[in-house]
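Text of upload33.cif (mmCIF, C-alpha atoms) as supplied:
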```cif
data_target
#
loop_
_atom_site.label_atom_id
_atom_site.label_comp_id
_atom_site.auth_asym_id
_atom_site.auth_seq_id
_atom_site.Cartn_x
_atom_site.Cartn_y
_atom_site.Cartn_z
CA MET A 232 112.47 117.10 127.88
CA THR A 233 112.42 116.42 124.18
CA ALA A 234 112.43 112.80 123.15
CA VAL A 235 115.36 112.02 120.89
CA PHE A 236 116.03 108.73 119.15
CA LYS A 237 119.24 107.28 120.52
CA GLY A 238 121.29 105.38 117.93
CA TRP A 239 118.83 106.25 115.14
CA LYS A 240 121.29 106.49 112.24
CA ALA A 241 122.16 102.82 111.71
CA PRO A 242 118.59 101.45 111.62
CA PHE A 243 117.14 104.34 109.64
CA PHE A 244 119.86 104.56 107.01
CA THR A 245 119.95 100.78 106.58
CA ILE A 246 116.26 100.87 105.63
CA TRP A 247 116.65 104.11 103.65
CA THR A 248 119.63 102.80 101.64
CA GLY A 249 117.77 99.61 100.80
CA GLU A 250 114.79 101.61 99.53
CA GLN A 251 117.04 103.81 97.37
CA ILE A 252 118.79 100.78 95.81
CA SER A 253 115.38 99.32 95.04
CA LEU A 254 114.38 102.58 93.36
CA VAL A 255 117.43 102.44 91.08
CA GLY A 256 116.36 99.02 89.80
CA SER A 257 112.77 100.19 89.42
CA ARG A 258 113.77 103.25 87.37
CA ALA A 259 115.92 101.15 85.05
CA ALA A 260 113.12 98.60 84.62
CA GLN A 261 110.60 101.37 84.02
CA PHE A 262 112.79 102.82 81.27
CA ALA A 263 113.11 99.40 79.63
CA LEU A 264 109.36 98.81 79.85
CA VAL A 265 108.48 102.22 78.37
CA TRP A 266 111.03 101.69 75.59
CA TRP A 267 109.50 98.28 74.79
CA LEU A 268 106.08 99.91 74.69
CA THR A 269 107.37 102.67 72.40
CA VAL A 270 109.04 100.26 69.97
CA THR A 271 106.11 97.83 69.99
CA THR A 272 103.28 100.33 69.50
CA GLY A 273 104.79 103.67 68.46
CA SER A 274 101.65 105.19 69.96
CA ALA A 275 101.58 108.31 72.09
CA THR A 276 98.04 107.37 73.14
CA VAL A 277 99.27 104.08 74.58
CA LEU A 278 102.00 105.86 76.56
CA ALA A 279 99.53 108.45 77.83
CA THR A 280 97.07 105.72 78.81
CA ALA A 281 99.78 103.86 80.74
CA THR A 282 100.61 107.07 82.63
CA THR A 283 96.95 107.70 83.43
CA VAL A 284 96.48 104.12 84.65
CA ALA A 285 99.49 104.54 86.95
CA LEU A 286 97.97 107.69 88.48
CA ALA A 287 94.55 106.13 89.14
CA PRO A 288 95.34 104.24 92.40
CA GLN A 289 97.05 107.28 93.90
CA ILE A 290 94.07 109.52 93.13
CA LEU A 291 91.31 107.07 94.07
CA LEU A 292 92.83 104.94 96.82
CA GLY A 293 95.33 107.30 98.46
CA PRO A 294 93.11 108.42 101.38
CA ILE A 295 92.00 104.85 102.14
CA ALA A 296 95.58 103.55 101.94
CA GLY A 297 96.66 106.29 104.35
CA ALA A 298 94.00 105.21 106.84
CA TYR A 299 95.34 101.65 106.78
CA VAL A 300 98.92 102.92 107.16
CA ASP A 301 97.85 104.62 110.41
CA ARG A 302 95.99 101.52 111.58
CA LEU A 303 98.56 98.85 110.79
CA ASN A 304 102.16 98.18 111.73
CA ARG A 305 104.12 100.48 109.41
CA ARG A 306 107.06 98.10 109.10
CA MET A 307 104.68 95.40 107.86
CA VAL A 308 103.05 97.83 105.43
CA LEU A 309 106.48 98.66 103.98
CA LEU A 310 107.49 95.00 103.88
CA LEU A 311 104.30 93.87 102.15
CA SER A 312 104.19 96.73 99.65
CA ASP A 313 107.87 96.33 98.66
CA SER A 314 107.41 92.55 98.35
CA PHE A 315 104.26 92.97 96.27
CA ILE A 316 106.02 95.32 93.83
CA ALA A 317 108.90 92.84 93.54
CA LEU A 318 106.44 90.02 92.74
CA VAL A 319 104.89 92.16 90.00
CA SER A 320 108.35 92.58 88.44
CA LEU A 321 108.92 88.82 88.75
CA TRP A 322 105.66 88.17 86.87
CA LEU A 323 106.77 90.68 84.24
CA ALA A 324 110.09 88.83 83.84
CA TYR A 325 108.15 85.58 83.32
CA LEU A 326 105.99 87.18 80.61
CA PHE A 327 109.04 88.44 78.71
CA PHE A 328 110.89 85.14 79.17
CA THR A 329 107.99 83.09 77.75
CA GLY A 330 107.33 85.54 74.93
CA SER A 331 103.73 86.05 76.07
CA MET A 332 104.04 89.77 76.90
CA GLN A 333 101.26 91.91 75.41
CA VAL A 334 100.45 95.61 75.58
CA TRP A 335 97.52 95.15 77.95
CA HIS A 336 99.87 93.47 80.41
CA VAL A 337 101.66 96.82 80.77
CA TYR A 338 98.46 98.45 81.99
CA VAL A 339 98.01 95.70 84.59
CA VAL A 340 101.64 96.08 85.68
CA MET A 341 101.42 99.88 85.97
CA LEU A 342 98.19 99.56 87.95
CA ALA A 343 99.65 96.91 90.28
CA ARG A 344 102.92 98.73 90.92
CA SER A 345 101.05 101.97 91.59
CA PHE A 346 98.80 100.08 94.01
CA GLY A 347 101.89 99.02 95.95
CA ASP A 348 103.35 102.53 95.83
CA VAL A 349 100.16 104.07 97.24
CA PHE A 350 100.86 102.22 100.51
CA GLN A 351 104.66 102.34 100.40
CA TRP A 352 105.18 106.12 100.12
CA PRO A 353 103.01 107.30 103.04
CA ALA A 354 104.29 104.44 105.21
CA MET A 355 107.92 105.43 104.58
CA ALA A 356 107.22 109.16 105.05
CA ALA A 357 105.31 108.54 108.29
CA SER A 358 107.98 106.14 109.58
CA THR A 359 110.76 108.65 108.93
CA SER A 360 109.37 111.12 111.45
CA LEU A 361 109.35 108.36 114.09
CA MET A 362 112.94 107.25 113.41
CA VAL A 363 114.73 110.56 112.78
CA PRO A 364 115.12 113.42 115.31
CA LYS A 365 113.15 116.50 114.29
CA ARG A 366 116.20 118.70 113.80
CA HIS A 367 117.55 116.31 111.15
CA LEU A 368 114.34 115.87 109.12
CA THR A 369 115.16 118.69 106.69
CA ARG A 370 118.59 117.16 106.02
CA VAL A 371 117.02 113.75 105.38
CA ALA A 372 114.53 115.43 103.04
CA GLY A 373 117.51 117.00 101.26
CA LEU A 374 119.06 113.55 100.84
CA ASN A 375 115.78 112.29 99.37
CA GLN A 376 115.77 115.15 96.88
CA THR A 377 119.40 114.40 96.01
CA MET A 378 118.44 110.81 95.25
CA ASN A 379 115.54 111.99 93.09
CA GLY A 380 118.01 113.98 91.03
CA LEU A 381 120.48 111.11 90.82
CA LEU A 382 117.73 108.73 89.73
CA ALA A 383 116.72 111.18 87.00
CA ILE A 384 120.33 111.16 85.75
CA VAL A 385 121.23 107.50 86.28
CA GLY A 386 117.95 105.63 85.74
CA PRO A 387 117.45 106.00 81.97
CA PRO A 388 121.12 105.41 80.98
CA LEU A 389 121.26 102.38 83.28
CA GLY A 390 118.10 101.02 81.70
CA ALA A 391 119.55 101.55 78.22
CA LEU A 392 122.83 99.89 79.24
CA LEU A 393 121.04 96.87 80.67
CA LEU A 394 118.96 96.54 77.50
CA SER A 395 122.16 96.43 75.45
CA LEU A 396 123.64 93.70 77.66
CA ILE A 397 120.78 91.41 78.69
CA PRO A 398 117.27 90.53 77.44
CA LEU A 399 114.18 92.24 78.80
CA HIS A 400 113.36 89.52 81.28
CA GLY A 401 116.87 89.95 82.70
CA VAL A 402 116.25 93.66 83.24
CA MET A 403 113.10 92.82 85.18
CA LEU A 404 115.03 90.31 87.29
CA VAL A 405 117.53 93.07 88.12
CA ASP A 406 114.56 95.02 89.49
CA VAL A 407 113.58 92.00 91.61
CA GLY A 408 117.15 91.67 92.87
CA THR A 409 117.42 95.32 93.90
CA ALA A 410 114.04 95.04 95.66
CA LEU A 411 115.59 92.52 98.04
CA PHE A 412 117.80 95.31 99.41
CA ALA A 413 114.58 97.01 100.58
CA VAL A 414 112.79 93.87 101.76
CA ILE A 415 115.52 92.12 103.77
CA PRO A 416 116.32 94.96 106.25
CA LEU A 417 112.60 95.31 106.99
CA CYS A 418 112.55 91.70 108.15
CA PHE A 419 114.94 92.50 111.01
CA ILE A 420 114.87 96.22 111.82
CA PRO A 421 111.90 97.44 113.92
CA ILE A 422 110.16 100.73 113.22
CA PRO A 423 108.58 102.67 116.13
CA GLN A 424 104.79 102.86 116.10
CA PRO A 425 102.80 106.00 116.90
CA PRO A 426 100.71 105.96 120.07
CA ARG A 427 97.19 104.66 119.62
CA THR A 428 94.39 107.19 119.94
CA GLU A 429 91.41 106.54 122.17
CA SER A 430 89.24 105.49 119.23
CA GLN A 431 91.91 103.12 117.98
CA ALA A 432 92.52 101.63 121.42
CA GLY A 433 88.85 100.89 121.98
CA ALA A 434 86.34 99.62 119.46
CA ARG A 435 87.86 99.82 116.01
CA ALA A 436 86.42 102.73 114.05
CA SER A 437 85.57 102.17 110.43
CA VAL A 438 88.15 102.93 107.76
CA TRP A 439 85.83 105.59 106.36
CA ARG A 440 85.79 107.29 109.74
CA ASP A 441 89.59 107.30 109.70
CA VAL A 442 89.56 108.84 106.22
CA LYS A 443 87.09 111.48 107.39
CA GLU A 444 89.34 112.26 110.36
CA GLY A 445 92.21 112.83 107.94
CA PHE A 446 90.16 115.31 105.92
CA SER A 447 88.94 117.01 109.10
CA TYR A 448 92.49 117.26 110.44
CA LEU A 449 93.62 119.14 107.33
CA ARG A 450 90.46 121.23 107.06
CA GLY A 451 90.92 122.48 110.62
CA TRP A 452 94.53 123.53 110.01
CA ARG A 453 94.46 126.88 108.21
CA GLY A 454 98.19 126.98 107.51
CA ALA A 455 98.20 123.55 105.89
CA MET A 456 95.14 124.35 103.77
CA ALA A 457 96.72 127.59 102.56
CA LEU A 458 100.01 125.83 101.81
CA ILE A 459 98.27 122.95 100.00
CA GLY A 460 96.31 125.45 97.93
CA GLY A 461 99.53 127.14 96.89
CA ALA A 462 101.17 123.77 96.18
CA LEU A 463 98.28 122.75 93.92
CA ILE A 464 98.64 125.93 91.87
CA PHE A 465 102.40 125.31 91.79
CA LYS A 466 101.98 121.72 90.53
CA ILE A 467 99.24 122.60 88.03
CA ALA A 468 101.61 125.15 86.53
CA LEU A 469 104.84 123.16 86.76
CA THR A 470 103.84 119.61 85.73
CA PRO A 471 102.76 120.61 82.19
CA ALA A 472 105.85 122.78 81.82
CA PHE A 473 108.11 119.74 82.31
CA SER A 474 106.00 117.65 79.93
CA LEU A 475 106.24 120.39 77.27
CA ILE A 476 110.04 120.67 77.40
CA PRO A 477 110.53 118.37 74.35
CA LEU A 478 108.32 120.65 72.25
CA LEU A 479 110.11 123.74 73.57
CA VAL A 480 113.48 122.24 72.61
CA ARG A 481 112.33 121.25 69.12
CA ASN A 482 110.06 124.17 68.17
CA HIS A 483 111.64 127.10 70.02
CA PHE A 484 115.32 126.21 70.27
CA GLY A 485 115.45 124.11 67.08
CA GLY A 486 117.19 121.28 68.93
CA GLY A 487 116.99 117.51 68.78
CA ALA A 488 117.39 114.49 71.04
CA THR A 489 120.91 115.51 72.08
CA GLN A 490 119.80 118.94 73.29
CA LEU A 491 116.78 117.43 75.06
CA SER A 492 118.87 114.83 76.90
CA LEU A 493 121.40 117.51 77.90
CA LEU A 494 118.67 119.74 79.25
CA GLU A 495 117.08 116.90 81.26
CA ALA A 496 120.48 115.90 82.63
CA ILE A 497 121.12 119.49 83.77
CA VAL A 498 117.82 119.43 85.68
CA GLY A 499 119.04 116.29 87.44
CA VAL A 500 122.41 117.89 88.19
CA GLY A 501 120.62 120.89 89.68
CA MET A 502 118.47 118.63 91.87
CA VAL A 503 121.52 116.73 93.11
CA THR A 504 123.36 119.97 93.86
CA GLY A 505 120.36 121.51 95.59
CA GLY A 506 119.67 118.35 97.57
CA LEU A 507 123.27 118.12 98.77
CA ALA A 508 123.26 121.81 99.67
CA LEU A 509 120.05 121.40 101.66
CA SER A 510 121.26 118.28 103.47
CA ALA A 511 124.52 120.03 104.42
CA TRP A 512 122.98 123.41 105.28
CA GLY A 513 119.70 122.24 106.81
CA GLY A 514 117.85 125.34 105.60
CA PHE A 515 116.81 128.43 107.56
CA ARG A 516 115.86 127.89 111.19
CA ARG A 517 112.25 128.43 110.16
CA LYS A 518 111.77 125.87 107.43
CA VAL A 519 108.97 127.82 105.79
CA TYR A 520 111.45 130.51 104.67
CA THR A 521 113.53 127.89 102.83
CA LEU A 522 110.34 126.59 101.22
CA LEU A 523 109.25 130.03 100.02
CA MET A 524 112.73 130.80 98.72
CA GLY A 525 112.52 127.60 96.68
CA LEU A 526 109.10 128.53 95.28
CA VAL A 527 110.36 131.92 94.13
CA GLY A 528 113.52 130.37 92.65
CA VAL A 529 111.57 127.76 90.67
CA GLY A 530 109.17 130.42 89.42
CA LEU A 531 112.06 132.60 88.29
CA GLY A 532 113.72 129.70 86.45
CA VAL A 533 110.50 128.65 84.66
CA THR A 534 109.80 132.25 83.63
CA LEU A 535 113.31 132.58 82.20
CA MET A 536 112.75 129.37 80.19
CA GLY A 537 109.86 131.03 78.45
CA LEU A 538 111.67 134.33 77.87
CA VAL A 539 115.03 133.01 76.61
CA PRO A 540 115.42 133.64 72.84
CA GLY A 541 115.64 130.57 70.62
CA SER A 542 119.25 131.41 69.76
CA LEU A 543 120.42 131.27 73.42
CA PHE A 544 120.11 127.59 74.32
CA PRO A 545 122.99 127.83 76.89
CA ALA A 546 120.88 130.34 78.81
CA ALA A 547 118.08 127.76 78.91
CA LEU A 548 120.53 125.30 80.48
CA GLY A 549 121.24 127.86 83.19
CA ALA A 550 117.49 128.34 83.77
CA VAL A 551 116.80 124.60 84.15
CA PHE A 552 119.77 124.25 86.50
CA LEU A 553 118.17 126.93 88.69
CA ILE A 554 114.86 125.06 88.56
CA GLY A 555 116.53 121.79 89.51
CA PHE A 556 118.51 123.43 92.33
CA MET A 557 115.42 125.04 93.83
CA ILE A 558 113.14 121.98 93.68
CA PRO A 559 114.80 120.36 96.76
CA MET A 560 114.59 123.72 98.55
CA THR A 561 110.82 123.52 97.99
CA ASP A 562 109.97 119.85 98.40
CA GLY A 563 112.42 119.09 101.22
CA PRO A 564 111.22 121.70 103.73
CA ILE A 565 107.53 121.10 103.05
CA MET A 566 107.97 117.42 103.88
CA ALA A 567 109.99 118.25 107.00
CA ILE A 568 107.33 120.75 108.12
CA PHE A 569 104.57 118.18 107.83
CA GLN A 570 106.66 115.46 109.49
CA THR A 571 107.38 117.68 112.51
CA THR A 572 103.92 119.23 112.94
CA ILE A 573 101.40 116.50 112.02
CA ALA A 574 100.44 114.17 114.86
CA PRO A 575 102.26 110.84 114.31
CA ASP A 576 99.05 108.79 114.31
CA MET A 577 97.63 111.01 111.52
CA GLN A 578 100.64 111.11 109.20
CA GLY A 579 99.74 108.11 107.05
CA ARG A 580 96.35 109.59 106.22
CA VAL A 581 97.59 113.12 105.68
CA PHE A 582 100.54 112.14 103.49
CA ALA A 583 98.28 109.90 101.37
CA LEU A 584 95.77 112.73 100.99
CA LEU A 585 98.56 115.04 99.88
CA GLY A 586 99.71 112.45 97.33
CA SER A 587 96.18 112.14 95.95
CA LEU A 588 95.78 115.89 95.59
CA VAL A 589 99.15 116.29 93.86
CA SER A 590 98.40 113.40 91.49
CA LEU A 591 95.00 114.89 90.68
CA SER A 592 96.62 118.21 89.79
CA SER A 593 98.78 116.64 87.05
CA PRO A 594 96.03 115.73 84.53
CA LEU A 595 94.22 118.97 85.37
CA GLY A 596 97.31 121.01 84.56
CA LEU A 597 97.90 119.10 81.33
CA ALA A 598 94.28 119.64 80.26
CA ILE A 599 94.72 123.41 80.66
CA ALA A 600 98.24 123.70 79.27
CA GLY A 601 97.59 121.74 76.07
CA PRO A 602 95.04 124.11 74.48
CA VAL A 603 96.88 127.21 75.76
CA SER A 604 100.19 126.04 74.26
CA ASP A 605 98.58 125.00 70.97
CA ARG A 606 96.95 128.41 70.58
CA LEU A 607 99.61 130.75 71.96
CA GLY A 608 102.88 128.78 71.75
CA VAL A 609 104.75 126.55 74.15
CA GLN A 610 106.97 129.29 75.56
CA ILE A 611 103.89 131.29 76.60
CA TRP A 612 102.91 128.50 78.99
CA PHE A 613 106.36 128.64 80.59
CA VAL A 614 105.92 132.38 81.18
CA ILE A 615 102.42 131.85 82.61
CA ALA A 616 103.56 128.94 84.79
CA GLY A 617 106.60 130.85 86.03
CA ILE A 618 104.57 133.91 86.95
CA LEU A 619 102.03 131.73 88.79
CA CYS A 620 104.84 130.11 90.80
CA LEU A 621 106.34 133.52 91.58
CA LEU A 622 102.96 134.83 92.72
CA VAL A 623 102.45 131.82 94.99
CA GLY A 624 105.91 132.23 96.51
CA VAL A 625 105.81 136.00 97.00
CA SER A 626 102.19 136.18 98.22
CA SER A 627 102.85 133.46 100.80
CA TYR A 628 105.19 135.88 102.64
CA PHE A 629 102.06 137.93 103.43
CA ILE A 630 99.85 135.07 104.64
CA PRO A 631 100.28 134.68 108.42
CA ALA A 632 98.79 131.17 108.45
CA ILE A 633 101.61 129.99 106.15
CA LEU A 634 104.40 131.92 107.88
CA HIS A 635 103.39 130.41 111.25
CA ILE A 636 102.62 126.91 109.98
CA GLU A 637 105.44 125.41 112.06
CA GLU A 638 103.70 126.59 115.23
CA HIS A 639 100.78 124.25 114.58
CA HIS A 640 99.85 122.43 117.78
CA GLN A 641 99.63 118.66 117.66
CA PRO A 642 98.06 116.71 120.53
CA ALA A 643 100.50 115.55 123.20
CA ALA A 644 101.25 111.88 122.81
CA ALA A 645 103.18 109.20 124.53
CA ALA A 646 106.48 108.02 123.15
CA PRO A 647 106.15 105.95 119.97
CA VAL A 648 105.47 102.30 120.57
CA GLY A 649 108.26 100.00 119.54
CA GLU A 650 111.89 100.84 119.56
CA PRO A 651 114.44 103.03 121.09
CA VAL A 652 113.30 106.43 122.14
CA ALA A 653 115.13 107.98 125.05
CA GLU A 654 114.88 111.15 127.07
CA THR A 655 118.53 111.87 126.37
CA ALA A 656 120.21 114.14 123.91
CA GLY A 657 122.27 112.81 121.09
CA ASP A 658 122.45 112.17 117.39
#
```
This structure in structure tokens:
Amino acid sequence: MTAVFKGWKAPFFTIWTGEQISLVGSRAAQFALVWWLTVTTGSATVLATATTVALAPQILLGPIAGAYVDRLNRRMVLLLSDSFIALVSLWLAYLFFTGSMQVWHVYVVMLARSFGDVFQWPAMAASTSLMVPKRHLTRVAGLNQTMNGLLAIVGPPLGALLLSLIPLHGVMLVDVGTALFAVIPLCFIPIPQPPRTESQAGARASVWRDVKEGFSYLRGWRGAMALIGGALIFKIALTPAFSLIPLLVRNHFGGGATQLSLLEAIVGVGMVTGGLALSAWGGFRRKVYTLLMGLVGVGLGVTLMGLVPGSLFPAALGAVFLIGFMIPMTDGPIMAIFQTTIAPDMQGRVFALLGSLVSLSSPLGLAIAGPVSDRLGVQIWFVIAGILCLLVGVSSYFIPAILHIEEHHQPAAAAPVGEPVAETAGD
């Protein structure tokens, strides 16, 4: 019989809702902090440096953090990481309140918050697969993508509104307050633990051995390696495209801030629509087909962005809506596939490794796209990126290891340690 989590909705969605409320406060605070940095320095270099500093923990510490997520109680990892991030915001509020805030403090804050996130994300992703029945994981992933779209729409305006109503330290305190919605449920709601492997149950292996096991686990899974390779090409192409949208709007479409904000809002609307559609539909029975459909759709939208004439800005809005709609169709199924096929006691390590690889692809893509766009024009990169995405999506239909990735065998394990898992059917 298949183990199904009886009464899973109330505990999971209580934790999930708290995390989403916390993210709303964080996005608003992030907008306010970036705006303060922009007004104070007016330096693109400073903004770029802050972004790079924020990526560093994910790239360098992700695999190690994942090993600890698999070793430790995941509820405690979530509780400590959320609390740590809230304390960082509290310190930031103090700096603004006392008038002692300096630019270098922003780098420390970005580094500290990213350090907390490097534990929080894999812990939440790995806990989800232990709290939610497998058949609902794609729908939950769709809800996550919906929230990503909503945050992209709501976060910046909320940050701007708060800045117009309260001082900067007040905005940071709002972030602390919303963090409590994530922290408090974790104090009372248990999260099931994966079964301990033989090495974990006996003498404790070193953290480095755990990290090595994570790499070995992925390296021995041909479907995952092929899919990760395609995802890296996808991210290397797509990340610079999104960063170059302001230049495309100004130089190609002759627009200004209004057109740029409209275009970014339409991306968010597309993500919300796509996320809701995925959560309601659940995707194809074989999740990989939904994923590949999303890859092809994103590639088509990005290609159209590069081909649309400068006089047809409304067509560009249609293209970015398609991109936004297809992003949940891509990201949602890939997460559900990994959550249902990766052994529970390996998920922390594997998810952290994936985060490190994706983060590493961002600066690499920017380093390639910058010179290409300067020499050939911004729209050329959109065409190149779109074609690369299309090639990844279409070629994956002919790679058996990817098409059969959901048939990956994970070692049989006992029921998760902790809370309610029953041998009965139900939602």
Check: Between CA of Cys620 (chain A) and CA of Ala468 (chain A), what is the spacing in Å?
Finding: 7.3 Å
Note to self: One decimal, in Å: what's the spacing between CA of Phe262 (chain A) and CA of Val551 (chain A)?
What the structure shows: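 For CA of Phe262 (chain A) relative to CA of Val551 (chain A), the distance reads 22.3 Å.
Closest approach to Phe412 (chain A) among A:Trp335, A:Trp247, A:Phe473, A:Phe465: A:Trp247, based on only C-alpha atoms.
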Per-residue nearest contacts of region 295-361 of chain A to region 572-593 of chain A (8 Å; only C-alpha atoms) as CSV:
```
residue,atom,partner,partner_atom,distance
A:Ile295,CA,A:Arg580,CA,7.6
A:Ala296,CA,A:Ala583,CA,6.9
A:Gly297,CA,A:Arg580,CA,3.8
A:Ala298,CA,A:Arg580,CA,5.0
A:Tyr299,CA,A:Gly579,CA,7.8
A:Val300,CA,A:Gly579,CA,5.3
A:Asp301,CA,A:Gly579,CA,5.2
A:Val349,CA,A:Ala583,CA,7.4
A:Trp352,CA,A:Ala583,CA,8.0
A:Pro353,CA,A:Gly579,CA,5.2
A:Ala354,CA,A:Gly579,CA,6.1
A:Ala356,CA,A:Phe582,CA,7.5
A:Ala357,CA,A:Gln578,CA,5.4
A:Ser360,CA,A:Pro575,CA,7.7
A:Leu361,CA,A:Pro575,CA,7.5
```
Notebook entry, point to check: What separation in Å, quoted to one decimal, exists between CA of Ile290 (chain A) and CA of Leu458 (chain A)?
Noted result: 19.4 Å
Notebook entry, point to check: Contacts of Met307 (chain A) at 12 Å or less, counting only C-alpha atoms, minus same-chain residues fewer than 6 places along, as number ranges by chain?
Noted result: A: 299-301, 313-315, 350-351, 354-355, 358, 414, 416-424
Could you write out the selected residues, including C-alpha atoms, as a short mmCIF file (atom, residue, chain, number, x, y, z; two decimals), in the coordinates of the input?
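Result went into again_7.cif, see below:
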```cif
data_model
loop_
_atom_site.label_atom_id
_atom_site.label_comp_id
_atom_site.auth_asym_id
_atom_site.auth_seq_id
_atom_site.Cartn_x
_atom_site.Cartn_y
_atom_site.Cartn_z
CA TYR A 299 95.34 101.65 106.78
CA VAL A 300 98.92 102.92 107.16
CA ASP A 301 97.85 104.62 110.41
CA ASP A 313 107.87 96.33 98.66
CA SER A 314 107.41 92.55 98.35
CA PHE A 315 104.26 92.97 96.27
CA PHE A 350 100.86 102.22 100.51
CA GLN A 351 104.66 102.34 100.40
CA ALA A 354 104.29 104.44 105.21
CA MET A 355 107.92 105.43 104.58
CA SER A 358 107.98 106.14 109.58
CA VAL A 414 112.79 93.87 101.76
CA PRO A 416 116.32 94.96 106.25
CA LEU A 417 112.60 95.31 106.99
CA CYS A 418 112.55 91.70 108.15
CA PHE A 419 114.94 92.50 111.01
CA ILE A 420 114.87 96.22 111.82
CA PRO A 421 111.90 97.44 113.92
CA ILE A 422 110.16 100.73 113.22
CA PRO A 423 108.58 102.67 116.13
CA GLN A 424 104.79 102.86 116.10
#
```
Next item on the list: For each of A:Gln610, A:Thr571, A:Thr369, A:Gln376, take the minimum atom-to-atom distance to Arg481 (chain A), counting all atoms listed in the file, then give the residue where this is smallest.
Entry: A:Gln610
Notebook entry, point to check: Given the choices A:Ala285, A:Ala600, A:Val614, A:Leu342, which gets closest to Ile467 (chain A) if the distance is worked out from only C-alpha atoms?
Noted result: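 The closest residue to Ile467 (chain A) is A:Ala600.
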Next item on the list: Step by step, work through what the PyMOL selection byres ((chain A and resi 483) around 9) selects in the shown file, and finish by giving those residues as a count of residues only.
Entry: 13
Check: Which is closest to Leu310 (chain A) among A:Ile246, A:Ile630, A:Ile459, A:Ile611, if we use all atoms listed in the file?
Finding: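 Ranking A:Ile246, A:Ile630, A:Ile459, A:Ile611 by distance to Leu310 (chain A), first place goes to A:Ile246.
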Item checked: Proximity to Gly528 (chain A) - best of A:Leu318, A:Ala496, A:Ala462, A:Val625, all atoms listed in the file ->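 Checking each of A:Leu318, A:Ala496, A:Ala462, A:Val625 against Gly528 (chain A), counting all atoms listed in the file, the winner is A:Val625.
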Notebook entry, point to check: Using all atoms listed in the file, which of the listed residues (A:Val337, A:Val308, A:Ile464, A:Ile618) sits closest to Leu268 (chain A)?
Noted result: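 Among the listed residues, A:Val337 lies closest to Leu268 (chain A).
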Next item on the list: Mind checking which residues fall within 6 Å of region 512-523 of chain A, counting only C-alpha atoms, ignoring those fewer than 2 positions away in the same chain, and posting them as number ranges by chain?
Entry: A: 369-370, 508-510, 525-526, 560-561, 564, 624
Next item on the list: Determine, counting only C-alpha atoms, every residue of protein, DNA or RNA that lies within 10 Å of (113.4, 91.4, 86.3) in the file coordinates, then give the result as a count of residues only.
Entry: 26
Next item on the list: Given the file shown, determine the residues that the PyMOL selection byres ((chain A and resi 377-383) around 6) selects; report them as a ChimeraX atom specification.
Entry: /A:374-376,384-386,499,502-503,506
Output as AutoDock Vina command-line options the centre and edge lengths (Å, one decimal) of the box along x, y and z of the file that holds every listed atom of region 513-518 of chain A after adding 3 Å on each side.
```
--center_x 115.7 --center_y 125.3 --center_z 108.4 --size_x 13.9 --size_y 12.2 --size_z 11.6
```
